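Below is one structure, written out as structure tokens; the observations come after it.
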Amino acid sequence: MRREPFGMSAGASRLSAPERASERGSRYRLRDLFTPLDTLLVSGGDPRLALDARDRVNAYGCAASPEPGIWNFASSTASTISQAAYDRAALAREELMHKCLFDEIEIAFDARCEGMREELRSHFQLSPRVDVVFSPSGTDSQLHALFVAGAVLGAPPVTIVVGADQTGSGTIHTARGHHFSSMTASGLAVRKDGAVAGLAGASIALPLREAEPGIAMRADADAAVLRAIEAAIAQGAPVLLQIMDASKLGWRAPSAACLDEIARRWPRKVQIVVDACQARLGRRRLRSYLDRGYLVLITGSKFFGGPAFSGALLVPKGFSRSLDRVEAIAPGFFDYAGRCDWPMAWTILRSRFERRPNFGQWLRWEGALAEIGSYYAVPGAFRARALAELAAGIDSMIALSPSLRPVPTGIGKVGVDDEEFAQTTIFPFLLLRDGKPVSIAETSAVYQALARDMNEEVGGSTADRQVAAQRCLEGQPVRLERQDEVPLAALRLCVGARLVTEIWSPDMAQAQRNLQHVLDRVADVLVKIELLLDRGAVAPVPAKSAFEV
């Protein structure tokens, strides 16, 4: 198997080790910066980023350049890139080109990435001692967390995944140290679910949904977590516990009391990593996790609405010493990280990885930081108020629709001080016909039709056609298994940071008008769903094609 450089010269032969370290190798990669920006933005990732040859969108329906005509309510999955994010990526590329006139590209690129770490810490109000490990996606960051946990615990851990039914589809593979795709972001062809050489281990999946009755989070989640840890520890293995904050449906588990019990019963035997890839948690809550020594998985491409994909692992203070003492690195792990991904302070660990700047990953994070910065520039009280009013309005509209049945999220009932994220920001619902849920295939068809102009298929009045013509993105369907019954699928209407940024105005009357405009858009989306169901305007699609890849 051969791997091509992170850049865009995929057809060129791979450089030798001396060339990679030489000035000649640096100039070779500098050429890639002149690649069209749209192409760069979808480079340096796994096949989920690839654009469809006909529609020029990725697996989540997002193009590489701004599409202002599309409404974005899909921040649990992915959003189209905004003009502000696109402009920042373009400017960042120009600035790096200028820097490369005076420094080798690796030096200039390293400095740029280190600046992004500082900016991300500043936005989240984190200590300078919190380290940031960048990656092409949250799924890649899970492999980084597995590597870091093994170094800290001193032995390969058993990974326990809380909410295994409510996390990314790649987690079932990364939890065991396996490849989650057929191609790594570094360009290496691999066998999906094959072991990453030297990193593979055991995992335990803990689903969060009750099998029966209804659709709700299991009541015994804490007890199930404690039992799983106890069993793993009894076998002599340390544990990497991946907890959920928040899931595809907005659920969180286990409870704070359960985490306290774990710390009391198994000190230094359990490393916790928080799946916060949705980024739907307040900054105080984020800091509290890091203060307790937890690793945190985050992305800039879910709630914040940056271009898909951009992942990061937040590492609390004190971990670098353990990582510098690692004697042997899993050989397969080198295909999932380059030197620039690691903080510059981790000198010993960095020196063992190849210099291979990932321009696509970097530019996607530049775009994400534009969104994160804009969101936190909005006053905190206004952010909380906007999310509360959006939640109330959306809840009311879903409840009033004869074609929708809400799926419980549990947010607001967990007794957690989480700033503005005490409010619901993911609104999952089932589609109904004659009071009964429609099939997964039809739910999938509606999801896909929402992103298309459907005025011809819907027909009817001018008003109906206008609503049906509007293209919008929603969160991809979530499969809901049911004991002894056919499974269902829930669509998700999501509130993301960009909506709050759009609503904000120092003129409160204007801000209220902006908020009402967003709620009007939500109403139109729900009307479009009702029209699609009522008019039979969509043909069922294979269920397999609808879910997150």
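So you can find residues: chains in the structure tokens are A, B, ... in the order shown, residues in each start at 1, and ligands are numbered from 1 in order.
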Closest contacts (region 233-302 of chain A/region 162-167 of chain A, max 9 Å, only C-alpha atoms) as CSV:
residue,atom,partner,partner_atom,distance
A:Leu241,CA,A:Val162,CA,7.5
A:Gln242,CA,A:Val162,CA,5.9
A:Ile243,CA,A:Val162,CA,5.2
A:Met244,CA,A:Val162,CA,6.1
A:Ala246,CA,A:Thr167,CA,8.8
A:Ser247,CA,A:Gln166,CA,5.2
A:Lys248,CA,A:Gln166,CA,5.3
A:Leu249,CA,A:Gln166,CA,7.0
A:Gly250,CA,A:Gln166,CA,8.9
A:Trp251,CA,A:Gln166,CA,8.3
A:Arg252,CA,A:Gly163,CA,8.4
A:Ala253,CA,A:Val162,CA,7.0
A:Pro254,CA,A:Val162,CA,7.6
A:Asp275,CA,A:Thr167,CA,8.3
Writer output for current selection, C-alpha atoms, as a JSON list (two decimals), in the first residue's frame:
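After the write, again32.json holds the following:
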[["chain", "number", "residue", "atom", "x", "y", "z"],
["A", 241, "LEU", "CA", -14.28, 5.51, 28.99],
["A", 242, "GLN", "CA", -15.81, 7.56, 26.18],
["A", 243, "ILE", "CA", -18.71, 9.52, 27.64],
["A", 244, "MET", "CA", -21.36, 11.41, 25.69],
["A", 246, "ALA", "CA", -23.99, 15.34, 23.55],
["A", 247, "SER", "CA", -25.27, 12.60, 21.25],
["A", 248, "LYS", "CA", -26.91, 12.75, 17.83],
["A", 249, "LEU", "CA", -30.21, 13.21, 19.65],
["A", 250, "GLY", "CA", -28.79, 15.69, 22.16],
["A", 251, "TRP", "CA", -28.50, 13.17, 25.03],
["A", 252, "ARG", "CA", -25.80, 13.22, 27.74],
["A", 253, "ALA", "CA", -24.52, 10.32, 29.86],
["A", 254, "PRO", "CA", -23.36, 9.27, 32.39],
["A", 275, "ASP", "CA", -17.30, 12.94, 23.03]]
>> What's around Leu226 (chain A) at 10 Å? Count only C-alpha atoms, leave out sequence neighbours fewer than 2 positions away in its own chain, and write the answer as a count of residues only.
In response: 14
> What lies within 9 Å of region 476-481 of chain A using only C-alpha atoms, ignoring chain neighbours under 2 positions off, as a PyMOL selection string?
Replying inline: chain A and resi 60+74+76-77+165-166+209+211+215+248-249+428+440+443-444+447+473-474+483+485-492+546-548
>> If you run DSSP on the backbone here, which positions in region 242-364 of chain A get alpha helix (DSSP H)? Please write them as number ranges by chain.
In response: A: 256-265, 283-291, 319-324, 347-350, 359-364
For the residues in the current selection, export N, CA and C atoms as an mmCIF file, in the first residue's frame.
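Output file selection22.cif is given in full below:
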data_model
loop_
_atom_site.group_PDB
_atom_site.id
_atom_site.type_symbol
_atom_site.label_atom_id
_atom_site.label_comp_id
_atom_site.auth_asym_id
_atom_site.auth_seq_id
_atom_site.Cartn_x
_atom_site.Cartn_y
_atom_site.Cartn_z
ATOM 1 N N ALA A 256 -23.038 13.302 36.423
ATOM 2 C CA ALA A 256 -21.888 13.800 37.186
ATOM 3 C C ALA A 256 -21.641 12.934 38.409
ATOM 4 N N ALA A 257 -22.701 12.456 39.047
ATOM 5 C CA ALA A 257 -22.546 11.593 40.225
ATOM 6 C C ALA A 257 -21.838 10.294 39.857
ATOM 7 N N CYS A 258 -22.151 9.765 38.693
ATOM 8 C CA CYS A 258 -21.497 8.534 38.237
ATOM 9 C C CYS A 258 -20.011 8.785 37.984
ATOM 10 N N LEU A 259 -19.675 9.924 37.403
ATOM 11 C CA LEU A 259 -18.266 10.245 37.148
ATOM 12 C C LEU A 259 -17.502 10.391 38.468
ATOM 13 N N ASP A 260 -18.142 10.973 39.470
ATOM 14 C CA ASP A 260 -17.511 11.067 40.793
ATOM 15 C C ASP A 260 -17.257 9.680 41.378
ATOM 16 N N GLU A 261 -18.211 8.773 41.197
ATOM 17 C CA GLU A 261 -18.070 7.412 41.704
ATOM 18 C C GLU A 261 -16.918 6.691 40.991
ATOM 19 N N ILE A 262 -16.772 6.899 39.707
ATOM 20 C CA ILE A 262 -15.674 6.282 38.953
ATOM 21 C C ILE A 262 -14.330 6.771 39.482
ATOM 22 N N ALA A 263 -14.209 8.075 39.715
ATOM 23 C CA ALA A 263 -12.951 8.638 40.237
ATOM 24 C C ALA A 263 -12.624 8.078 41.610
ATOM 25 N N ARG A 264 -13.652 7.848 42.412
ATOM 26 C CA ARG A 264 -13.431 7.331 43.772
ATOM 27 C C ARG A 264 -13.010 5.862 43.761
ATOM 28 N N ARG A 265 -13.644 5.065 42.897
ATOM 29 C CA ARG A 265 -13.423 3.618 42.930
ATOM 30 C C ARG A 265 -12.201 3.172 42.134
ATOM 31 N N ARG A 283 -18.821 26.805 27.947
ATOM 32 C CA ARG A 283 -17.377 26.874 28.179
ATOM 33 C C ARG A 283 -17.012 26.483 29.609
ATOM 34 N N ARG A 284 -17.864 26.809 30.582
ATOM 35 C CA ARG A 284 -17.579 26.379 31.956
ATOM 36 C C ARG A 284 -17.553 24.866 32.048
ATOM 37 N N ARG A 285 -18.517 24.234 31.408
ATOM 38 C CA ARG A 285 -18.593 22.771 31.428
ATOM 39 C C ARG A 285 -17.377 22.164 30.728
ATOM 40 N N LEU A 286 -16.978 22.736 29.624
ATOM 41 C CA LEU A 286 -15.794 22.264 28.916
ATOM 42 C C LEU A 286 -14.562 22.371 29.802
ATOM 43 N N ARG A 287 -14.395 23.514 30.468
ATOM 44 C CA ARG A 287 -13.235 23.698 31.357
ATOM 45 C C ARG A 287 -13.267 22.713 32.521
ATOM 46 N N SER A 288 -14.457 22.434 33.033
ATOM 47 C CA SER A 288 -14.543 21.509 34.171
ATOM 48 C C SER A 288 -14.076 20.110 33.779
ATOM 49 N N TYR A 289 -14.390 19.686 32.568
ATOM 50 C CA TYR A 289 -13.913 18.381 32.105
ATOM 51 C C TYR A 289 -12.385 18.357 32.070
ATOM 52 N N LEU A 290 -11.799 19.378 31.492
ATOM 53 C CA LEU A 290 -10.341 19.423 31.378
ATOM 54 C C LEU A 290 -9.689 19.543 32.746
ATOM 55 N N ASP A 291 -10.298 20.305 33.657
ATOM 56 C CA ASP A 291 -9.756 20.439 35.012
ATOM 57 C C ASP A 291 -9.746 19.101 35.744
ATOM 58 N N PHE A 319 -0.105 15.912 30.358
ATOM 59 C CA PHE A 319 -0.081 14.692 29.549
ATOM 60 C C PHE A 319 1.182 14.576 28.710
ATOM 61 N N SER A 320 1.795 15.701 28.353
ATOM 62 C CA SER A 320 2.917 15.657 27.419
ATOM 63 C C SER A 320 4.076 14.837 27.966
ATOM 64 N N ARG A 321 4.262 14.843 29.286
ATOM 65 C CA ARG A 321 5.378 14.082 29.871
ATOM 66 C C ARG A 321 5.212 12.595 29.612
ATOM 67 N N SER A 322 3.993 12.084 29.795
ATOM 68 C CA SER A 322 3.738 10.666 29.528
ATOM 69 C C SER A 322 3.958 10.338 28.061
ATOM 70 N N LEU A 323 3.549 11.248 27.185
ATOM 71 C CA LEU A 323 3.687 10.999 25.754
ATOM 72 C C LEU A 323 5.144 11.033 25.314
ATOM 73 N N ASP A 324 5.940 11.878 25.925
ATOM 74 C CA ASP A 324 7.362 11.927 25.571
ATOM 75 C C ASP A 324 8.098 10.658 26.004
ATOM 76 N N THR A 347 7.961 18.285 21.816
ATOM 77 C CA THR A 347 9.090 18.182 20.893
ATOM 78 C C THR A 347 9.523 16.748 20.624
ATOM 79 N N ILE A 348 9.578 15.921 21.653
ATOM 80 C CA ILE A 348 10.067 14.552 21.467
ATOM 81 C C ILE A 348 9.079 13.742 20.637
ATOM 82 N N LEU A 349 7.804 13.822 20.983
ATOM 83 C CA LEU A 349 6.799 13.077 20.222
ATOM 84 C C LEU A 349 6.735 13.573 18.778
ATOM 85 N N ARG A 350 6.739 14.887 18.590
ATOM 86 C CA ARG A 350 6.654 15.449 17.240
ATOM 87 C C ARG A 350 7.785 14.959 16.349
ATOM 88 N N PHE A 359 -2.999 20.701 4.188
ATOM 89 C CA PHE A 359 -3.576 22.009 3.872
ATOM 90 C C PHE A 359 -5.104 22.020 3.985
ATOM 91 N N GLY A 360 -5.742 20.935 3.590
ATOM 92 C CA GLY A 360 -7.197 20.885 3.683
ATOM 93 C C GLY A 360 -7.681 20.966 5.114
ATOM 94 N N GLN A 361 -7.094 20.156 5.979
ATOM 95 C CA GLN A 361 -7.441 20.178 7.407
ATOM 96 C C GLN A 361 -7.238 21.572 7.987
ATOM 97 N N TRP A 362 -6.111 22.180 7.675
ATOM 98 C CA TRP A 362 -5.801 23.519 8.186
ATOM 99 C C TRP A 362 -6.820 24.552 7.721
ATOM 100 N N LEU A 363 -7.146 24.555 6.438
ATOM 101 C CA LEU A 363 -8.062 25.567 5.914
ATOM 102 C C LEU A 363 -9.487 25.366 6.442
ATOM 103 N N ARG A 364 -9.881 24.121 6.650
ATOM 104 C CA ARG A 364 -11.204 23.890 7.242
ATOM 105 C C ARG A 364 -11.250 24.426 8.671
#
> Residues at most 6 Å from region 199-206 of chain A, counting only C-alpha atoms, excluding those fewer than 2 positions away in the same chain, as a PyMOL selection string?
Replying inline: chain A and resi 158-164+175-177+195-197+330
Sorted by chain and rising residue number, list the residues of region 524-543 of chain A at most 10 Å from region 393-406 of chain A (counting only C-alpha atoms), each with its closest atom pair and distance in Å to one decimal, as CSV.
residue,atom,partner,partner_atom,distance
A:Leu526,CA,A:Ile398,CA,7.8
A:Val527,CA,A:Ser401,CA,8.7
A:Ile529,CA,A:Ser403,CA,8.1
A:Glu530,CA,A:Ser403,CA,6.2
A:Leu531,CA,A:Ser403,CA,9.8
A:Leu533,CA,A:Ser403,CA,8.0
A:Asp534,CA,A:Ser403,CA,9.0
>> Restricting the calculation to only C-alpha atoms: of A:Asp110, A:Met116, A:Thr184, A:Gln271, which residue gets closest to Ala155 (chain A)?
In response: A:Gln271
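Closest to Thr424 (chain A) among A:Ala108, A:Leu295, A:Val407, A:Val438 is A:Val407, based on only C-alpha atoms.
The nearest approach to Tyr375 (chain A) among the residues A:Gln512, A:Gln83, A:Thr171, A:Thr501, with only C-alpha atoms taken into account, belongs to A:Thr501.
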For the interface of region 132-185 of chain A with region 304-312 of chain A (cut-off 12 Å, counting only C-alpha atoms), please tabulate each contacting residue of region 132-185 of chain A alongside its nearest pair of atoms and their separation in Å to one decimal, rows sorted by chain and increasing number, as a tab-separated table.
residue	atom	partner	partner_atom	distance
A:Val132	CA	A:Ala312	CA	6.5
A:Val133	CA	A:Ala312	CA	5.4
A:Phe134	CA	A:Ala312	CA	4.4
A:Ser135	CA	A:Gly311	CA	4.9
A:Pro136	CA	A:Ser310	CA	5.2
A:Ser137	CA	A:Gly311	CA	4.1
A:Gly138	CA	A:Gly311	CA	4.3
A:Thr139	CA	A:Gly311	CA	7.6
A:Asp140	CA	A:Gly311	CA	7.3
A:Ser141	CA	A:Ala312	CA	6.0
A:Gln142	CA	A:Ala312	CA	9.2
A:Leu143	CA	A:Ala312	CA	11.1
A:His144	CA	A:Ala312	CA	9.1
A:Ala145	CA	A:Ala312	CA	9.8
A:Ala185	CA	A:Phe309	CA	10.9
Given the selection you just returned, output its residues as a file containing C-alpha atoms, formatted as a compact mmCIF listing (two decimals), in the first residue's frame.
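Ended up saving to again-v3.txt:
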# COMPACT_ATOMS: atom_id res chain seq x y z
CA VAL A 132 -4.74 21.03 21.16
CA VAL A 133 -4.15 18.18 18.71
CA PHE A 134 -5.70 18.93 15.33
CA SER A 135 -7.06 16.24 13.01
CA PRO A 136 -9.05 15.93 9.76
CA SER A 137 -12.22 14.83 11.61
CA GLY A 138 -13.67 13.96 14.98
CA THR A 139 -13.34 10.31 13.99
CA ASP A 140 -9.59 10.69 13.48
CA SER A 141 -9.43 12.40 16.88
CA GLN A 142 -10.88 9.28 18.49
CA LEU A 143 -7.82 7.36 17.32
CA HIS A 144 -5.63 10.14 18.74
CA ALA A 145 -7.45 9.79 22.07
CA ALA A 185 -6.60 11.27 5.40
> Counting only C-alpha atoms, what is within 8 Å of Lys317 (chain A), bar same-chain residues fewer than 2 positions away, as number ranges by chain?
Replying inline: A: 129-131, 293, 315, 319-320
